[in-house]
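Asker: The file below is protein_28.pdb, PDB, C-alpha atoms, pLDDT in the B column:
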```pdb
MODEL        1
ATOM      1  CA  MET A 211      36.739  10.187   2.733  1.00 57.00           C
ATOM      2  CA  GLU A 212      35.595  10.218   6.344  1.00 73.00           C
ATOM      3  CA  GLN A 213      32.635  12.357   7.306  1.00 91.00           C
ATOM      4  CA  LEU A 214      32.583  15.173   9.823  1.00 96.00           C
ATOM      5  CA  LYS A 215      29.813  14.889  12.392  1.00 97.00           C
ATOM      6  CA  ILE A 216      28.725  17.984  14.277  1.00 98.00           C
ATOM      7  CA  GLN A 217      26.545  17.688  17.348  1.00 98.00           C
ATOM      8  CA  GLU A 218      25.100  20.882  18.811  1.00 97.00           C
ATOM      9  CA  LYS A 219      24.341  21.582  22.478  1.00 97.00           C
ATOM     10  CA  LYS A 220      23.260  24.768  24.224  1.00 97.00           C
ATOM     11  CA  GLY A 221      24.679  25.666  27.619  1.00 94.00           C
ATOM     12  CA  ALA A 222      23.905  28.468  30.048  1.00 90.00           C
ATOM     13  CA  ASN A 223      26.475  30.911  28.649  1.00 93.00           C
ATOM     14  CA  TYR A 224      27.803  29.119  25.592  1.00 97.00           C
ATOM     15  CA  PHE A 225      26.964  27.006  22.574  1.00 97.00           C
ATOM     16  CA  LEU A 226      28.865  23.719  22.152  1.00 98.00           C
ATOM     17  CA  LEU A 227      29.740  22.012  18.874  1.00 98.00           C
ATOM     18  CA  GLU A 228      31.102  18.481  19.297  1.00 98.00           C
ATOM     19  CA  LEU A 229      33.175  17.517  16.262  1.00 98.00           C
ATOM     20  CA  THR A 230      33.818  13.898  15.333  1.00 97.00           C
ATOM     21  CA  GLY A 231      35.728  12.513  12.352  1.00 97.00           C
ATOM     22  CA  VAL A 232      37.891  14.439   9.922  1.00 96.00           C
ATOM     23  CA  LEU A 233      37.819  18.204   9.412  1.00 97.00           C
ATOM     24  CA  ASP A 234      39.245  19.008   6.000  1.00 95.00           C
ATOM     25  CA  SER A 235      38.754  20.865   2.731  1.00 94.00           C
ATOM     26  CA  TYR A 236      35.968  18.497   1.696  1.00 94.00           C
ATOM     27  CA  ASN A 237      33.684  19.230   4.647  1.00 95.00           C
ATOM     28  CA  PHE A 238      34.688  22.437   6.439  1.00 96.00           C
ATOM     29  CA  THR A 239      31.829  24.562   5.055  1.00 96.00           C
ATOM     30  CA  GLU A 240      29.125  23.182   7.372  1.00 96.00           C
ATOM     31  CA  LEU A 241      31.265  23.928  10.423  1.00 97.00           C
ATOM     32  CA  GLN A 242      32.162  27.353   9.060  1.00 98.00           C
ATOM     33  CA  GLN A 243      28.513  28.319   8.559  1.00 98.00           C
ATOM     34  CA  LYS A 244      27.478  27.112  12.018  1.00 98.00           C
ATOM     35  CA  ALA A 245      30.468  28.502  13.890  1.00 98.00           C
ATOM     36  CA  PHE A 246      30.405  31.917  12.213  1.00 98.00           C
ATOM     37  CA  SER A 247      26.685  32.256  12.881  1.00 98.00           C
ATOM     38  CA  LEU A 248      26.849  31.105  16.516  1.00 98.00           C
ATOM     39  CA  VAL A 249      29.939  33.032  17.627  1.00 98.00           C
ATOM     40  CA  LYS A 250      28.293  36.342  16.756  1.00 97.00           C
ATOM     41  CA  GLU A 251      25.777  35.880  19.578  1.00 96.00           C
ATOM     42  CA  ASN A 252      27.280  33.260  21.926  1.00 96.00           C
ATOM     43  CA  ASN A 253      30.499  32.130  23.471  1.00 98.00           C
ATOM     44  CA  LEU A 254      31.372  29.095  21.379  1.00 98.00           C
ATOM     45  CA  VAL A 255      32.990  25.863  22.539  1.00 98.00           C
ATOM     46  CA  LEU A 256      34.450  23.519  19.919  1.00 98.00           C
ATOM     47  CA  ASP A 257      34.928  20.056  21.386  1.00 98.00           C
ATOM     48  CA  LEU A 258      37.763  18.586  19.305  1.00 98.00           C
ATOM     49  CA  SER A 259      38.201  15.383  21.304  1.00 98.00           C
ATOM     50  CA  GLY A 260      36.620  13.284  18.538  1.00 97.00           C
ATOM     51  CA  LEU A 261      38.633  14.655  15.621  1.00 97.00           C
ATOM     52  CA  HIS A 262      40.878  12.130  13.905  1.00 95.00           C
ATOM     53  CA  SER A 263      42.577  14.760  11.755  1.00 94.00           C
ATOM     54  CA  MET A 264      42.322  18.391  10.712  1.00 95.00           C
ATOM     55  CA  ASP A 265      43.893  20.170   7.764  1.00 94.00           C
ATOM     56  CA  SER A 266      44.503  23.858   7.029  1.00 93.00           C
ATOM     57  CA  SER A 267      40.849  24.385   6.034  1.00 95.00           C
ATOM     58  CA  GLY A 268      39.745  23.356   9.509  1.00 95.00           C
ATOM     59  CA  LEU A 269      42.384  25.542  11.094  1.00 94.00           C
ATOM     60  CA  SER A 270      41.152  28.486   9.018  1.00 94.00           C
ATOM     61  CA  VAL A 271      37.595  27.983  10.279  1.00 96.00           C
ATOM     62  CA  ILE A 272      38.777  27.900  13.884  1.00 96.00           C
ATOM     63  CA  LEU A 273      40.973  30.976  13.474  1.00 94.00           C
ATOM     64  CA  GLY A 274      38.222  32.834  11.609  1.00 96.00           C
ATOM     65  CA  SER A 275      35.663  31.932  14.290  1.00 97.00           C
ATOM     66  CA  SER A 276      37.967  33.200  17.007  1.00 96.00           C
ATOM     67  CA  THR A 277      38.567  36.503  15.201  1.00 96.00           C
ATOM     68  CA  LEU A 278      34.865  36.977  14.441  1.00 98.00           C
ATOM     69  CA  GLY A 279      33.950  36.213  18.043  1.00 97.00           C
ATOM     70  CA  GLU A 280      36.337  38.890  19.276  1.00 97.00           C
ATOM     71  CA  GLU A 281      34.683  41.419  16.961  1.00 98.00           C
ATOM     72  CA  TYR A 282      31.324  40.641  18.602  1.00 98.00           C
ATOM     73  CA  GLY A 283      32.649  40.462  22.172  1.00 97.00           C
ATOM     74  CA  ARG A 284      32.385  36.665  22.303  1.00 97.00           C
ATOM     75  CA  THR A 285      34.972  34.008  23.075  1.00 97.00           C
ATOM     76  CA  LEU A 286      35.865  30.851  21.187  1.00 97.00           C
ATOM     77  CA  TYR A 287      37.006  27.956  23.374  1.00 98.00           C
ATOM     78  CA  ILE A 288      38.672  24.768  22.185  1.00 97.00           C
ATOM     79  CA  MET A 289      37.836  21.864  24.460  1.00 98.00           C
ATOM     80  CA  ASN A 290      39.784  18.623  24.807  1.00 97.00           C
ATOM     81  CA  PRO A 291      41.674  18.701  21.512  1.00 97.00           C
ATOM     82  CA  SER A 292      42.603  15.205  20.352  1.00 96.00           C
ATOM     83  CA  SER A 293      46.304  14.564  19.867  1.00 96.00           C
ATOM     84  CA  SER A 294      46.005  15.063  16.103  1.00 94.00           C
ATOM     85  CA  ALA A 295      43.953  18.268  16.529  1.00 95.00           C
ATOM     86  CA  ARG A 296      46.465  19.597  19.062  1.00 94.00           C
ATOM     87  CA  LYS A 297      49.323  18.759  16.693  1.00 94.00           C
ATOM     88  CA  SER A 298      47.588  20.672  13.886  1.00 92.00           C
ATOM     89  CA  LEU A 299      47.046  23.683  16.136  1.00 92.00           C
ATOM     90  CA  GLU A 300      50.654  23.581  17.349  1.00 92.00           C
ATOM     91  CA  SER A 301      52.004  23.339  13.802  1.00 89.00           C
ATOM     92  CA  THR A 302      50.583  26.776  12.996  1.00 84.00           C
ATOM     93  CA  GLY A 303      52.233  28.472  15.955  1.00 87.00           C
ATOM     94  CA  PHE A 304      48.831  29.925  16.890  1.00 80.00           C
ATOM     95  CA  ILE A 305      47.948  27.518  19.694  1.00 87.00           C
ATOM     96  CA  ASP A 306      48.745  30.075  22.396  1.00 89.00           C
ATOM     97  CA  MET A 307      46.126  32.470  21.057  1.00 88.00           C
ATOM     98  CA  PHE A 308      43.302  29.970  21.651  1.00 92.00           C
ATOM     99  CA  ASN A 309      41.448  29.395  24.906  1.00 95.00           C
ATOM    100  CA  ILE A 310      42.026  25.680  25.526  1.00 96.00           C
ATOM    101  CA  ILE A 311      39.721  24.178  28.155  1.00 97.00           C
ATOM    102  CA  TYR A 312      39.006  20.675  29.422  1.00 95.00           C
ATOM    103  CA  SER A 313      35.456  21.135  30.727  1.00 95.00           C
ATOM    104  CA  VAL A 314      32.549  23.416  29.874  1.00 94.00           C
ATOM    105  CA  THR A 315      32.627  24.590  33.502  1.00 92.00           C
ATOM    106  CA  GLU A 316      35.690  26.630  32.485  1.00 93.00           C
ATOM    107  CA  VAL A 317      33.640  28.840  30.139  1.00 93.00           C
ATOM    108  CA  ILE A 318      33.443  32.364  31.567  1.00 81.00           C
TER     109      ILE A 318
ENDMDL
END
```
Just dump the structure as C-alpha coordinates.
Answerer:
Amino acid sequence: MEQLKIQEKKGANYFLLELTGVLDSYNFTELQQKAFSLVKENNLVLDLSGLHSMDSSGLSVILGSSTLGEEYGRTLYIMNPSSSARKSLESTGFIDMFNIIYSVTEVI
(Lines of atoms letter the chains of each structure in order from A and count residues from 1; the text may use other names and numbers.)
(Lines give C-alpha, C1' and ligand atoms only; values in the text may rest on other atoms or scores of the structure.)
Protein backbone atom coordinates (compact mmCIF):
# COMPACT_ATOMS: atom_id res chain seq x y z
CA MET A 1 0.00 0.00 0.00
CA GLU A 2 1.45 3.32 -1.09
CA GLN A 3 1.21 6.28 1.24
CA LEU A 4 -0.50 9.58 0.56
CA LYS A 5 1.67 12.61 1.26
CA ILE A 6 0.02 15.97 1.82
CA GLN A 7 2.07 19.14 1.77
CA GLU A 8 0.38 22.36 2.87
CA LYS A 9 1.11 25.88 1.60
CA LYS A 10 -0.66 29.17 2.26
CA GLY A 11 -1.15 31.67 -0.55
CA ALA A 12 -2.55 35.19 -0.61
CA ASN A 13 -6.16 34.16 -1.29
CA TYR A 14 -6.04 30.38 -1.07
CA PHE A 15 -4.67 27.38 0.77
CA LEU A 16 -2.83 24.75 -1.30
CA LEU A 17 -2.64 21.03 -0.58
CA GLU A 18 -0.12 19.17 -2.75
CA LEU A 19 -1.04 15.48 -2.94
CA THR A 20 1.52 12.82 -3.80
CA GLY A 21 1.05 9.05 -3.99
CA VAL A 22 -2.22 7.14 -3.90
CA LEU A 23 -5.53 8.51 -2.65
CA ASP A 24 -7.77 5.61 -1.69
CA SER A 25 -10.01 4.10 0.97
CA TYR A 26 -7.03 3.34 3.19
CA ASN A 27 -5.84 6.94 3.54
CA PHE A 28 -8.55 9.41 2.52
CA THR A 29 -9.46 10.48 6.07
CA GLU A 30 -6.45 12.78 6.60
CA LEU A 31 -7.22 14.64 3.38
CA GLN A 32 -10.91 14.78 4.25
CA GLN A 33 -10.24 16.34 7.66
CA LYS A 34 -7.82 18.92 6.27
CA ALA A 35 -9.84 19.81 3.18
CA PHE A 36 -13.18 20.09 4.99
CA SER A 37 -11.63 22.30 7.65
CA LEU A 38 -9.74 24.56 5.22
CA VAL A 39 -12.47 25.05 2.61
CA LYS A 40 -14.79 26.57 5.20
CA GLU A 41 -12.52 29.61 5.52
CA ASN A 42 -10.32 29.63 2.39
CA ASN A 43 -10.38 29.00 -1.31
CA LEU A 44 -8.74 25.60 -1.57
CA VAL A 45 -6.40 24.35 -4.28
CA LEU A 46 -5.75 20.61 -4.54
CA ASP A 47 -2.61 19.96 -6.57
CA LEU A 48 -3.18 16.49 -8.02
CA SER A 49 -0.11 16.40 -10.25
CA GLY A 50 1.65 13.90 -7.96
CA LEU A 51 -1.20 11.42 -7.61
CA HIS A 52 -0.51 7.98 -9.04
CA SER A 53 -4.09 6.81 -8.56
CA MET A 54 -7.36 7.77 -6.91
CA ASP A 55 -10.37 5.63 -6.08
CA SER A 56 -13.98 6.50 -5.27
CA SER A 57 -13.07 7.47 -1.69
CA GLY A 58 -10.77 10.17 -2.99
CA LEU A 59 -13.39 11.35 -5.45
CA SER A 60 -15.90 11.58 -2.60
CA VAL A 61 -13.55 13.80 -0.60
CA ILE A 62 -13.04 16.11 -3.56
CA LEU A 63 -16.76 16.31 -4.34
CA GLY A 64 -17.61 16.83 -0.67
CA SER A 65 -14.98 19.57 -0.34
CA SER A 66 -16.36 21.35 -3.38
CA THR A 67 -19.94 21.20 -2.06
CA LEU A 68 -18.89 22.35 1.42
CA GLY A 69 -16.86 25.20 -0.04
CA GLU A 70 -19.88 26.43 -1.98
CA GLU A 71 -21.92 26.46 1.23
CA TYR A 72 -19.32 28.77 2.80
CA GLY A 73 -18.80 30.95 -0.28
CA ARG A 74 -15.41 29.40 -1.06
CA THR A 75 -14.09 27.72 -4.19
CA LEU A 76 -12.30 24.41 -4.61
CA TYR A 77 -9.75 24.32 -7.43
CA ILE A 78 -8.09 21.23 -8.86
CA MET A 79 -4.63 22.02 -10.16
CA ASN A 80 -2.64 20.00 -12.68
CA PRO A 81 -4.43 16.67 -12.33
CA SER A 82 -2.18 13.76 -13.27
CA SER A 83 -3.41 11.56 -16.09
CA SER A 84 -4.71 8.96 -13.64
CA ALA A 85 -6.42 11.61 -11.47
CA ARG A 86 -8.00 13.19 -14.56
CA LYS A 87 -9.19 9.76 -15.71
CA SER A 88 -10.80 9.15 -12.31
CA LEU A 89 -12.53 12.54 -12.41
CA GLU A 90 -13.73 11.96 -15.98
CA SER A 91 -15.07 8.50 -15.13
CA THR A 92 -17.59 10.04 -12.72
CA GLY A 93 -18.98 12.47 -15.28
CA PHE A 94 -18.45 15.28 -12.74
CA ILE A 95 -15.25 16.73 -14.18
CA ASP A 96 -17.06 19.71 -15.70
CA MET A 97 -18.30 20.84 -12.30
CA PHE A 98 -14.74 21.31 -10.99
CA ASN A 99 -12.55 24.37 -11.47
CA ILE A 100 -9.47 22.90 -13.17
CA ILE A 101 -6.46 25.22 -13.16
CA TYR A 102 -2.81 24.89 -14.14
CA SER A 103 -1.26 27.59 -11.94
CA VAL A 104 -2.14 29.17 -8.60
CA THR A 105 -2.21 32.53 -10.40
CA GLU A 106 -5.59 31.41 -11.78
CA VAL A 107 -7.19 31.43 -8.31
CA ILE A 108 -9.72 34.26 -8.10
Asker: What is the atom CA of A:Leu248 to atom CA of A:Ser270 distance in Å?
Answerer: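 Distance between the two atoms: 16.4 Å.
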Asker: Between atom CA of A:Glu300 and atom CA of A:Gly283, what is the distance, to one decimal in Å?
Answerer: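 According to the coordinates, atom CA of A:Glu300 and atom CA of A:Gly283 are separated by 25.1 Å.
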Asker: How would you write, as a CSV table (one decimal) with C-alpha atoms, in the frame of the given file, the residues chosen by the PyMOL selection byres ((chain A and resi 213) around 8) on this structure?
Answerer:
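The file below, out.csv, is the result:
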```csv
chain,number,residue,atom,x,y,z
A,211,MET,CA,36.7,10.2,2.7
A,212,GLU,CA,35.6,10.2,6.3
A,214,LEU,CA,32.6,15.2,9.8
A,215,LYS,CA,29.8,14.9,12.4
A,231,GLY,CA,35.7,12.5,12.4
A,232,VAL,CA,37.9,14.4,9.9
A,237,ASN,CA,33.7,19.2,4.6
```
Asker: Taking only C-alpha atoms into account, name the residue in A:Pro291, A:Gly221, A:Gly279, A:Gly274 that is nearest to A:Glu251.
Answerer: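 Among the listed residues, the smallest separation from A:Glu251 belongs to A:Gly279.
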Asker: Using all atoms listed in the file, which residue out of A:Thr230, A:Ser275, A:Ser292, A:Ser298 lies closest to A:Val255?
Answerer: A:Ser275
Asker: Between A:Asn253, A:Asp306, A:Gly260, A:Phe246, which is the closest to A:Ile216 once you count all atoms listed in the file?
Answerer: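 Among A:Asn253, A:Asp306, A:Gly260, A:Phe246, it is A:Gly260 that comes nearest to A:Ile216.
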Asker: When you look at A:Ser293 with a cut-off of 9 Å (counting all atoms listed in the file), what residues show up, excluding the ones that are within fewer than 4 positions of it in the same chain? I need them as a list in words.
Answerer: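 Near A:Ser293, the qualifying residues are Ser259, Leu261, His262, Ser263, Lys297 and Ser298 of chain A.
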Asker: Just checking: using only C-alpha atoms, which residue out of A:Tyr287, A:Phe308, A:Ser294, A:Thr315 ends up closest to A:Leu254?
Answerer: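 Using only C-alpha atoms, A:Leu254 sits closest to A:Tyr287.
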Asker: For the provided coordinates, the residues matched by the PyMOL selection byres ((chain A and resi 309-313) around 7) should be stated as a ChimeraX atom specification.
Answerer: /A:286-290,307-308,314-316
Asker: Apply the PyMOL selection byres ((chain A and resi 227) around 8) to the file shown and report the selected residues as a list in words.
Answerer: Ile216, Gln217, Glu218, Lys219, Phe225, Leu226, Glu228, Leu229, Leu254, Val255, Leu256 and Asp257 of chain A
Asker: Given all atoms listed in the file as the basis, pick out the residue of A:Ser235, A:Lys220, A:Ser267, A:Leu273 nearest to A:Gly303.
Answerer: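 For A:Gly303, the nearest of the candidates is A:Leu273.
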Asker: Smallest atom-to-atom distance to A:Gln242: which of A:Leu269, A:Leu299, A:Ala222, A:Met264, using only C-alpha atoms?
Answerer: A:Leu269
Asker: For the atom pair atom CA of A:Asn252 and atom CA of A:Tyr236, what is the interatomic distance in Å to one decimal place?
Answerer: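 The value is 26.5 Å.
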